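Asks: Sending over a structure as C-alpha cells; questions will come in a sec.
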Amino acid sequence: MQTDPLFHKRGLSWYVIVAAVFLLRSFLWFNAELWYDEVLTLSRFVFNSHDGSLLNVFRDYPIANNHMLSTAVYWIWTHLVGLPDEAILRIPSIVGGLATIAIVMRHWRKFIGDCLATVGGLMLAISPVFTAYAYQVRGYSLTFLLAAVAVSGVFEILYGNRSRGQLLIAVASLLLPLVMPTNAILAPALLAVIAACHWKNKRDMKTIIFDALPTIIATALGAGYYLTIWKQFKRVIAEPDGWSSATMVAGNVLLAAIAHAALLPLFFFPKHKTQDVEPTEDNDPNLLCFAVSTTIACAVLVILSLFASRSEHAPFPRVFLVFCLPITAAVLAFAKSRDIHRSFTFATLAVIVLCNGILWERFATSITDYQLAHNRVPDNLLQQYYRGCTELRDMARSNLENKQSLFIVTDAYDIMSFRFYWNLQELPPQSVAGINELSQDFWKHFANSGLQLRAFAKSPEQAADFFQKAGFGDKDSLLPKLETIAAMPPNSLRKLYKLHN
C-alpha cells in the first residue's frame, strides 16, 4: 500500500488529533452522573452485597444488564481505584473507545490507505452513535473494540494473512458473547463476508471452510458459556423487555447507520477517473466486495433477529451496536473503491465528517430536550435521555433543609441514579423511592410517618401526578398548588416540588 505524503511519518500525530476530538466531544458526558444501567452494573454486579467476588460476576446473571466481561473489567478497576469521580471511573470504557479508534487508524490503513483510515477514526470520534455509548460503564466500549479486532481479522484473511486473520476473528468471536450474548450475531455476518469475497475470487470450498472453522468454534465456545448458567439465562430471555415494534427498531437502526455513515452523500458523486486499466494495490476490487457483502450481511442479520423476536418484544436497538464497526469498515472500503480520497481533499472529507456529527447531535439533542420537557424519556441509538445529566447528583448533594425529614419521590427512570447518590451522602435510603416502587399500602401509613413529601420531577404535571398517586387529591386541582423549591439551577429540567402549606 502506498503511503500518502500528508500522513507519512506523522501517523501518531494524527491519532493524537483524532483522540483529542473524541475526548473533547464526550468530555461533558464523562463527568456527568451515572445513569440507571451504569448504577445497576455497579451496585448489583461489581459491588454485590451477597457475593462480591470476581468469580460471581461470571455466575450471577439474573438480568441482561450484566455485561460479564466488561463488568469484570470494572470489578478489577474499582478494586484498584475505589469509587472515584465519574470521569475516572469511566476510564476503562474511554480507553476502549480510544483503542478502537487506534485500530481503525493504525491497522486498517494497511487496507484502505492512510487518508481514509484517518477519516474513519474521525468518523468514530464525532459519531452520534459511537460516542454516545463508548464512554459508559457498560459493555458497549468493549464490544466496539472487539468488533474492530474482528473486522481487522477479515481484512487480514482477504489480503493473504490467513493465520493472523483467523486468530484475530477467533479471539474476538470468543470474547464478544461473554460481553453480551447477542454479540454472537457478528460472527455469521463476518463469515458471510469472507465466503462472499472468497467465492468472488474463485477460492474453493475447502479454503472457505478452513478460514471459517476457527471462528465457528470460538463463537460456539463463547456463546456456549451461557449453558453453564442455563436456568438464569432462560429466565432472562423470557423477560418481557424490548421495544413494542420491530419496525420501529429497524427504522431506528437504519437512521443511526445513516447518521454514522458521514461519507454517504459522497457516494452519489461520479467516481474519480484514473488511468489504471488493471486493478492495483490502491484500487483493489476486494474492497468493493467487502463493502457490499458486509452491508448486506449486517442488514440481513438485523432483519432476521427482528423476525425471530417475540411479538411486541423486539430487541433494543443497542443490541445491534456490534455492527457499528463493520458498517464503518464497509463505508470506508466503499469510499476507497470509488477513489473518494482522490476526488476530495482530506480537509474536505474531515469537514464533512465533523459537520455531519455536529448536525446530527444538535438535531437529536433538540428533540430529546423537547420530549423530556413533555415527560417522555427517549432512549435509542441517537437519543439518550440521561446523557450529560447532573441534576440527580446535584440534588442528592444539595443543602436542603431538614433532609432527614423529607421523603422524595422520583419517576422510574431516575430513581436508580438518585438513590445511588443519596446513599453516597449517607442519607437514609428509605427516604427516597421511585413512584413505581410504592404500593397503595405505603400511602396509607405515610400520614403517620412524620415525613414531608417532595416530588423530584421533570415538570409540574409529572409532580402533580406523583402527589395524586400519593392520595393528596386530584391532579388537576393539585397543579395550581404546586411550588418549586429553589434547590436547583434555574435551567435544570428536573425540579423539587412541594404543595403549599
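Chain labels A, B, ... are given in the sequence in which chains occur in the C-alpha cells; within each chain residues are numbered consecutively from 1, and ligands are likewise numbered from 1 in the order shown.
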Kindly provide the residues of segment 245-361 of chain A that approach segment 91-111 of chain A to within 10 Å, each paired with its closest atom pair and their distance in Å to one decimal, based on only C-alpha atoms, listed by chain and increasing number, as a Markdown table.

Replies:
```
| residue | atom | partner | partner_atom | distance |
| --- | --- | --- | --- | --- |
| A:Glu281 | CA | A:Phe111 | CA | 8.9 |
| A:Asp282 | CA | A:Phe111 | CA | 8.5 |
| A:Asp284 | CA | A:Phe111 | CA | 9.1 |
| A:Asn286 | CA | A:Phe111 | CA | 9.9 |
| A:Leu287 | CA | A:Phe111 | CA | 8.4 |
| A:Leu325 | CA | A:Thr100 | CA | 8.9 |
| A:Thr328 | CA | A:Val104 | CA | 9.2 |
| A:Ala329 | CA | A:Val104 | CA | 8.4 |
| A:Leu332 | CA | A:Trp108 | CA | 9.6 |
| A:Ala333 | CA | A:Phe111 | CA | 8.4 |
| A:Lys336 | CA | A:Phe111 | CA | 9.3 |
```

Asks: Those same residues - C-alpha atoms - I'd like them written as a short mmCIF file (atom, residue, chain, number, x, y, z; two decimals), in the first residue's frame.

Replies:
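Writing done, so here's result-v7.cif:
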```cif
data_model
loop_
_atom_site.label_atom_id
_atom_site.label_comp_id
_atom_site.auth_asym_id
_atom_site.auth_seq_id
_atom_site.Cartn_x
_atom_site.Cartn_y
_atom_site.Cartn_z
CA GLU A 281 -2.95 -2.40 -4.85
CA ASP A 282 -4.51 1.01 -4.26
CA ASP A 284 -8.41 -3.46 -5.13
CA ASN A 286 -11.76 -6.90 -2.85
CA LEU A 287 -12.77 -3.67 -1.12
CA LEU A 325 -17.50 -1.14 13.31
CA THR A 328 -17.72 1.80 9.45
CA ALA A 329 -15.34 -0.50 7.59
CA LEU A 332 -14.53 3.29 4.20
CA ALA A 333 -13.94 0.34 1.87
CA LYS A 336 -11.74 3.58 -1.25
#
```

Asks: Quick one: residues within 9 Å of Ser311 of chain A, only C-alpha atoms, excluding same-chain residues fewer than 6 positions away - as a PyMOL selection string?

Replies: chain A and resi 244-246

Asks: State, in Å with one decimal place, the distance from atom CA of Gln371 of chain A to atom CA of Gln136 of chain A.

Replies: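 A separation of 22.5 Å between them.
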
Asks: Can you tell me which residues surround Phe267 of chain A at a distance of at most 10 Å, considering only C-alpha atoms, apart from same-chain residues fewer than 3 positions away, and format the answer as a short mmCIF file (atom, residue, chain, number, x, y, z; two decimals) with N, CA and C atoms, in the first residue's frame?

Replies:
```cif
data_model
loop_
_atom_site.label_atom_id
_atom_site.label_comp_id
_atom_site.auth_asym_id
_atom_site.auth_seq_id
_atom_site.Cartn_x
_atom_site.Cartn_y
_atom_site.Cartn_z
N LEU A 263 -19.85 9.77 5.18
CA LEU A 263 -19.42 9.91 3.79
C LEU A 263 -20.49 9.49 2.79
N LEU A 264 -21.64 9.06 3.29
CA LEU A 264 -22.68 8.51 2.41
C LEU A 264 -23.06 9.43 1.26
N PRO A 270 -19.94 11.23 -9.18
CA PRO A 270 -19.29 10.33 -10.15
C PRO A 270 -17.96 9.83 -9.62
N LYS A 271 -17.65 8.59 -9.93
CA LYS A 271 -16.40 8.00 -9.47
C LYS A 271 -15.22 8.71 -10.10
N VAL A 331 -18.25 1.40 4.87
CA VAL A 331 -18.30 2.76 4.32
C VAL A 331 -16.91 3.17 3.81
N PHE A 334 -15.92 1.12 0.69
CA PHE A 334 -16.63 1.58 -0.49
C PHE A 334 -16.07 2.92 -0.97
N ALA A 335 -15.75 3.79 -0.01
CA ALA A 335 -15.13 5.07 -0.37
C ALA A 335 -13.80 4.86 -1.09
N ARG A 338 -14.24 3.68 -4.66
CA ARG A 338 -14.70 4.74 -5.55
C ARG A 338 -13.71 5.91 -5.60
N ASP A 339 -12.55 5.72 -4.99
CA ASP A 339 -11.50 6.74 -5.03
C ASP A 339 -11.97 8.09 -4.46
N ILE A 340 -12.80 8.02 -3.41
CA ILE A 340 -13.30 9.24 -2.79
C ILE A 340 -12.14 10.11 -2.29
#
```

Asks: Select, from A:Lys234, A:Arg419, A:Lys200, A:Arg164, the residue with the minimum atom-to-atom distance to Ala396 of chain A, counting only C-alpha atoms.

Replies: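 For Ala396 of chain A, the nearest of the candidates is A:Arg419.
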